[in-house]
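Below is one structure; the comments refer to it alone.
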Amino acid sequence: MTIKARNLRKQFRSKKEEKGFFNTVKSLFSPQYVYHRALDNLSFEIEQGEKVGFIGPNGAGKSTTIKIITGLLFPDSGKSEVLGLQPFYEREKLNYLIGVIFGQKQTLDPSLSVFSSFYIRSKLYDIEETLFKKRLHSLTEIFELEKLLYKNPRELSLGESMRCEITAALLHNPKILFLDEPTIGLDLNAKLHVRELLNRFCNETKATLFLTSHDMVDIEKITDRVLVLNKGCLVEDEPISNLKKKYGAKKVLTLITEKDGNTLKVPSCARLIEAKENSISLEVDAAESLLEKVIHSLMQQTSVKDISIEEPSLEDSIRAIYGSK
Amino acid sequence: MARNKYKALFFYAIKKSARAFPATCGLLLFLFVCLFVFAHVWEYVDMSFISIKKSELLYYIALNEWVLLSIPFIHFDIHQLFKKNTLTSRLLLPISFVNKELTEAIGKAFFHFIFLGIGALSFAALWTGSFPFTLFSFSFILITSFLATILGTLLYMTVGIFSFWFEEILPIFFLLQQLLFLFGGLLLPLALYPKWTHIFFPFLPFYYILGGRSQLLFVDPQPLTYLLVIGGVSIWIVLMKKFNTFLFQRGLKG
């Protein structure tokens, strides 16, 4: 098992802000605290080579979980194990084996060139000079960094900066890659590029990927399995396809018909969205295989020129999960 | 392998300091102003009540200021990591945070130490027209002064680590600095303090960073004393390093 989390619990406390002068002075001597539970009995396991999406609304506990399994935070109770190591106590050893990218944080030193930052990193990770050159050469090709290497990180655009951050995280060939919002703020092309590169890296190295994102397209395009977190609890742990079946609920069926769509009788298992002169759009429950039944029923009423079926997006499924839990 | 890591960090810090050379020039200018002011003040003050010569006093202050200004403001850098919420990126490297920050700070301190040392000693030599060191005592001065800079860096680092518990660390830093000036003998040479207090000074780290180290050069310049001072400052370095590692881990655990 690559990542194992057992009954993780974590709560944070913050000082209660008092109103008025007297209460503020009083709070200096006997402060009141507000407690917020970030994780509540969270357990999951991830195998080597899996690509897992970790999603949930703001404040669900995603970042706290990543911080615990990368050894940045100590849980109040419960255990976590990553590649056989205890993250908090063996963080330095673990850091040789994992790569972490926080989309909103820059790790490259702004006072040096991108190359110098990579170089100092190679020394910290004990990468031999020849191996470093070889890896950097290959990553430079993959991430198209030739023109960026001798620039200062401050001069880079958001997309360029993210490509450099990902390169920095991959230089030591990590066995697990943790990504927290890697495409945040990127334009459409840059997003596509980053997704493509991450997929390529994982397919080539068989690395495990742990991705947190609010962008469901990222999750859908990069990962195979999704863990859904809500209020610190794991509410779903399914392959994406199952999740869509389970919560994707509705598919949209559109038929181009010979007859006027308004004259057609809609089967009871479908809901009419729109009927036009020669088309009809219906919403059909995707969980049960009713599509065939609906199409059959309509084809008995009219000849059909074209059929299109719109799959539910992961976003719809996730929205359904948040709504139901 | 681990040694390579620290060597790389040390030279990386020197490279960064070299890029910020104007800052070093600023420190050098400040050092000259301090020495110039003190040298002038002593011209007009009756110093007959202490056994130290005026020329020695200028060297005393030069040695102290040299070390004091070479210590990088590591507490400020660490505090900024907390304020900007960028501490996590430093913790995701395969090296202990305390070791990494300390090595970089030592590299930075080394760069300042070289330039400020040349500046301080040249100024004192030109002003007094004398150079009161033998080759042996000068080597001792170099070693203890650099060790004192490391010890000072560790003390400042402790203040930085307090960012885990305090939103503002400046008051703690000012408190530490005043203790350093007071018990390190920067406000007044330690020789002027009541005799009974002298027993306690060697048990405080401040003594080894400033005056205690510098005054030995004039008061008791014996090889054994030199070794005792080197031993004292080394013990304090080891203790402070262990304390900072413990404190940081404690803070992280929450």
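Chain labels A, B, ... are given in the sequence in which chains occur in the structure tokens; within each chain residues are numbered consecutively from 1, and ligands are likewise numbered from 1 in the order shown.
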
Distance query Gly56 in chain A at most 12 Å, only C-alpha atoms, self and fewer than 6 positions along chain excluded, as a PyMOL selection string: chain A and resi 62-63+65+211-216+219+226-237+315+318-319+321-323+325

Within 9 Å of chain A: each chain B residue with its shortest pair, only C-alpha atoms, as CSV:
residue,atom,partner,partner_atom,distance
B:Met1,CA,A:Asp126,CA,6.3
B:Ala2,CA,A:Asp126,CA,7.7
B:Asn4,CA,A:Lys123,CA,7.0
B:Lys5,CA,A:Leu124,CA,5.2
B:Tyr6,CA,A:Leu124,CA,8.2
B:Ala8,CA,A:Lys123,CA,6.6
B:Leu9,CA,A:Ile120,CA,7.3
B:Tyr12,CA,A:Ile120,CA,7.5
B:Lys16,CA,A:Ser111,CA,7.2
B:Arg19,CA,A:Ser111,CA,8.5
B:Asn85,CA,A:Lys105,CA,8.9
B:Thr86,CA,A:Lys105,CA,7.1
B:Thr88,CA,A:Leu72,CA,6.9
B:Ser89,CA,A:Thr107,CA,6.0
B:Arg90,CA,A:Thr107,CA,8.0
B:Leu91,CA,A:Leu72,CA,7.0
B:Leu92,CA,A:Asn95,CA,5.9
B:Leu93,CA,A:Asn95,CA,5.7
B:Pro94,CA,A:Glu92,CA,4.2
B:Ile95,CA,A:Glu92,CA,5.5
B:Ser96,CA,A:Glu92,CA,6.6
B:Leu252,CA,A:Leu73,CA,6.9
B:Lys253,CA,A:Phe74,CA,5.5
B:Gly254,CA,A:Phe74,CA,7.7

For the selection just defined, write its residues with C-alpha atoms to a file, as a tab-separated table (two decimals), in the first residue's frame.
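Dumped to again.tsv:
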chain	number	residue	atom	x	y	z
B	1	MET	CA	26.23	13.06	0.39
B	2	ALA	CA	24.79	15.04	3.31
B	4	ASN	CA	27.52	18.04	-0.25
B	5	LYS	CA	24.04	19.25	0.57
B	6	TYR	CA	25.27	21.63	3.27
B	8	ALA	CA	25.86	23.60	-1.68
B	9	LEU	CA	23.54	25.53	0.65
B	12	TYR	CA	24.27	29.25	-2.44
B	16	LYS	CA	22.81	35.32	-2.79
B	19	ARG	CA	24.09	39.63	-5.28
B	85	ASN	CA	2.23	31.30	4.74
B	86	THR	CA	5.18	29.85	2.80
B	88	THR	CA	5.20	24.54	3.97
B	89	SER	CA	7.37	24.79	0.87
B	90	ARG	CA	10.50	24.80	3.10
B	91	LEU	CA	9.29	21.73	4.94
B	92	LEU	CA	8.89	19.70	1.78
B	93	LEU	CA	12.63	19.35	1.22
B	94	PRO	CA	14.70	16.36	2.33
B	95	ILE	CA	16.58	18.36	4.94
B	96	SER	CA	15.68	19.53	8.42
B	252	LEU	CA	5.03	22.18	14.25
B	253	LYS	CA	3.28	19.53	16.32
B	254	GLY	CA	1.01	22.27	17.69

Within 8 Å of Ile106 in chain B using only C-alpha atoms, minus same-chain residues under 2 positions, as a VMD selection string: chain B and resid 10 102 to 104 108 to 110 150 153

Any chance you could export the current selection's N, CA and C atoms as a compact mmCIF listing (two decimals), in the first residue's frame?
# COMPACT_ATOMS: atom_id res chain seq x y z
N PHE B 10 25.55 26.38 1.67
CA PHE B 10 26.45 27.41 2.18
C PHE B 10 26.90 28.34 1.03
N LEU B 102 19.82 27.33 9.11
CA LEU B 102 21.06 27.67 9.81
C LEU B 102 22.24 27.69 8.83
N THR B 103 22.32 26.69 7.96
CA THR B 103 23.43 26.64 7.00
C THR B 103 23.40 27.86 6.10
N GLU B 104 22.22 28.20 5.61
CA GLU B 104 22.11 29.38 4.74
C GLU B 104 22.50 30.64 5.50
N LYS B 108 25.51 33.36 4.75
CA LYS B 108 25.26 34.80 4.69
C LYS B 108 26.18 35.52 5.68
N ALA B 109 26.22 34.97 6.90
CA ALA B 109 27.04 35.57 7.96
C ALA B 109 28.52 35.57 7.55
N PHE B 110 28.96 34.50 6.92
CA PHE B 110 30.36 34.37 6.50
C PHE B 110 30.73 35.50 5.54
N ILE B 150 27.92 32.54 14.78
CA ILE B 150 27.01 31.38 14.65
C ILE B 150 26.09 31.30 15.87
N THR B 153 23.49 33.85 15.61
CA THR B 153 22.50 33.44 14.60
C THR B 153 21.50 32.47 15.22

DSSP strand (DSSP E) selection over range 24-222 of chain A, as a PyMOL selection string: chain A and resi 33-46+51-55+77-82+98-102+176-180+208-212

Neighbour list for range 239-249 of chain B as a ChimeraX atom specification, cut-off 8 Å, only C-alpha atoms, skip fewer than 5 positions in-chain: /B:98,151,154-155,157-158,161

All alpha helix (DSSP H) residues (DSSP, backbone) inside range 1-72 of chain A, as a ChimeraX atom specification: /A:21-29,62-69

Leaving out range 22-38 of chain B and any residue of its chain fewer than 2 positions from it, which residues lie within 8 Å of it when counting only C-alpha atoms, given as a PDB file with N, CA and C atoms, in the first residue's frame?
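Generated file (part.pdb):
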ATOM      1  N   ALA B  20      23.463  40.708  -3.216  1.00  0.00           N
ATOM      2  CA  ALA B  20      22.923  41.830  -2.427  1.00  0.00           C
ATOM      3  C   ALA B  20      24.082  42.610  -1.802  1.00  0.00           C
ATOM      4  N   HIS B  40      35.586  59.118  18.866  1.00  0.00           N
ATOM      5  CA  HIS B  40      35.550  60.533  19.222  1.00  0.00           C
ATOM      6  C   HIS B  40      35.087  60.757  20.647  1.00  0.00           C
ATOM      7  N   VAL B  41      34.064  59.966  21.043  1.00  0.00           N
ATOM      8  CA  VAL B  41      33.520  60.113  22.398  1.00  0.00           C
ATOM      9  C   VAL B  41      34.628  59.875  23.419  1.00  0.00           C
ATOM     10  N   TRP B  42      35.401  58.850  23.203  1.00  0.00           N
ATOM     11  CA  TRP B  42      36.436  58.497  24.178  1.00  0.00           C
ATOM     12  C   TRP B  42      37.558  59.532  24.281  1.00  0.00           C
ATOM     13  N   LEU B  58      38.831  50.832  21.517  1.00  0.00           N
ATOM     14  CA  LEU B  58      38.337  50.910  20.139  1.00  0.00           C
ATOM     15  C   LEU B  58      38.345  49.515  19.502  1.00  0.00           C
ATOM     16  N   ILE B  61      35.378  47.586  20.930  1.00  0.00           N
ATOM     17  CA  ILE B  61      34.086  47.892  20.286  1.00  0.00           C
ATOM     18  C   ILE B  61      34.073  47.399  18.838  1.00  0.00           C
ATOM     19  N   ALA B  62      35.225  47.459  18.167  1.00  0.00           N
ATOM     20  CA  ALA B  62      35.306  46.988  16.768  1.00  0.00           C
ATOM     21  C   ALA B  62      35.023  45.486  16.689  1.00  0.00           C
ATOM     22  N   GLU B  65      31.198  44.997  17.428  1.00  0.00           N
ATOM     23  CA  GLU B  65      30.323  45.434  16.329  1.00  0.00           C
ATOM     24  C   GLU B  65      30.484  44.534  15.110  1.00  0.00           C
ATOM     25  N   TRP B  66      31.715  44.079  14.897  1.00  0.00           N
ATOM     26  CA  TRP B  66      32.007  43.181  13.776  1.00  0.00           C
ATOM     27  C   TRP B  66      31.083  41.956  13.851  1.00  0.00           C
ATOM     28  N   LEU B  69      27.113  42.908  13.758  1.00  0.00           N
ATOM     29  CA  LEU B  69      26.572  43.257  12.438  1.00  0.00           C
ATOM     30  C   LEU B  69      26.669  42.100  11.448  1.00  0.00           C
ATOM     31  N   HIS B 112      29.292  38.464   5.212  1.00  0.00           N
ATOM     32  CA  HIS B 112      29.355  39.734   5.948  1.00  0.00           C
ATOM     33  C   HIS B 112      30.589  39.772   6.841  1.00  0.00           C
ATOM     34  N   PHE B 115      33.860  40.872   5.025  1.00  0.00           N
ATOM     35  CA  PHE B 115      33.950  42.297   4.684  1.00  0.00           C
ATOM     36  C   PHE B 115      33.951  43.188   5.931  1.00  0.00           C
ATOM     37  N   LEU B 116      33.084  42.859   6.881  1.00  0.00           N
ATOM     38  CA  LEU B 116      33.011  43.677   8.092  1.00  0.00           C
ATOM     39  C   LEU B 116      34.279  43.511   8.930  1.00  0.00           C
ATOM     40  N   GLY B 119      36.886  45.615   7.375  1.00  0.00           N
ATOM     41  CA  GLY B 119      36.539  47.010   7.652  1.00  0.00           C
ATOM     42  C   GLY B 119      36.840  47.395   9.095  1.00  0.00           C
ATOM     43  N   ALA B 120      36.349  46.561  10.045  1.00  0.00           N
ATOM     44  CA  ALA B 120      36.476  46.898  11.473  1.00  0.00           C
ATOM     45  C   ALA B 120      37.942  46.935  11.902  1.00  0.00           C
ATOM     46  N   PHE B 123      39.876  49.881  10.238  1.00  0.00           N
ATOM     47  CA  PHE B 123      39.519  51.163  10.843  1.00  0.00           C
ATOM     48  C   PHE B 123      40.257  51.332  12.181  1.00  0.00           C
ATOM     49  N   ALA B 124      40.149  50.286  13.021  1.00  0.00           N
ATOM     50  CA  ALA B 124      40.765  50.360  14.353  1.00  0.00           C
ATOM     51  C   ALA B 124      42.288  50.512  14.227  1.00  0.00           C
TER      52      ALA B 124
END

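Minimum distance to Ile14 in chain B across B:Gly160, B:Gly185, B:Gly212, B:Gly107 (counting only C-alpha atoms) occurs at B:Gly107.
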
Atom pair CA of Lys15 in chain A / CA of Ile69 in chain A: separation (Å): 26.4 Å

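Atom pair CA of Pro174 in chain A / CA of Leu83 in chain A: separated by 11.4 Å.
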
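Residues lying within 12 Å of Pro132 in chain B, counting only C-alpha atoms and ignoring same-chain neighbours fewer than 3 positions away, are Lys53, Ser55, Glu56, Leu57, Leu58, Tyr59, Tyr60, Leu121, Ala124, Ala125, Thr128, Gly129, Leu135, Phe136, Ser137, Phe138, Ile141, Leu217, Phe218 and Pro221 of chain B.
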
9 Å contact set for range 154-158 of chain A, only C-alpha atoms, chain neighbours under 5 positions out, as a ChimeraX atom specification: /A:110-111,148,163,185-187,190
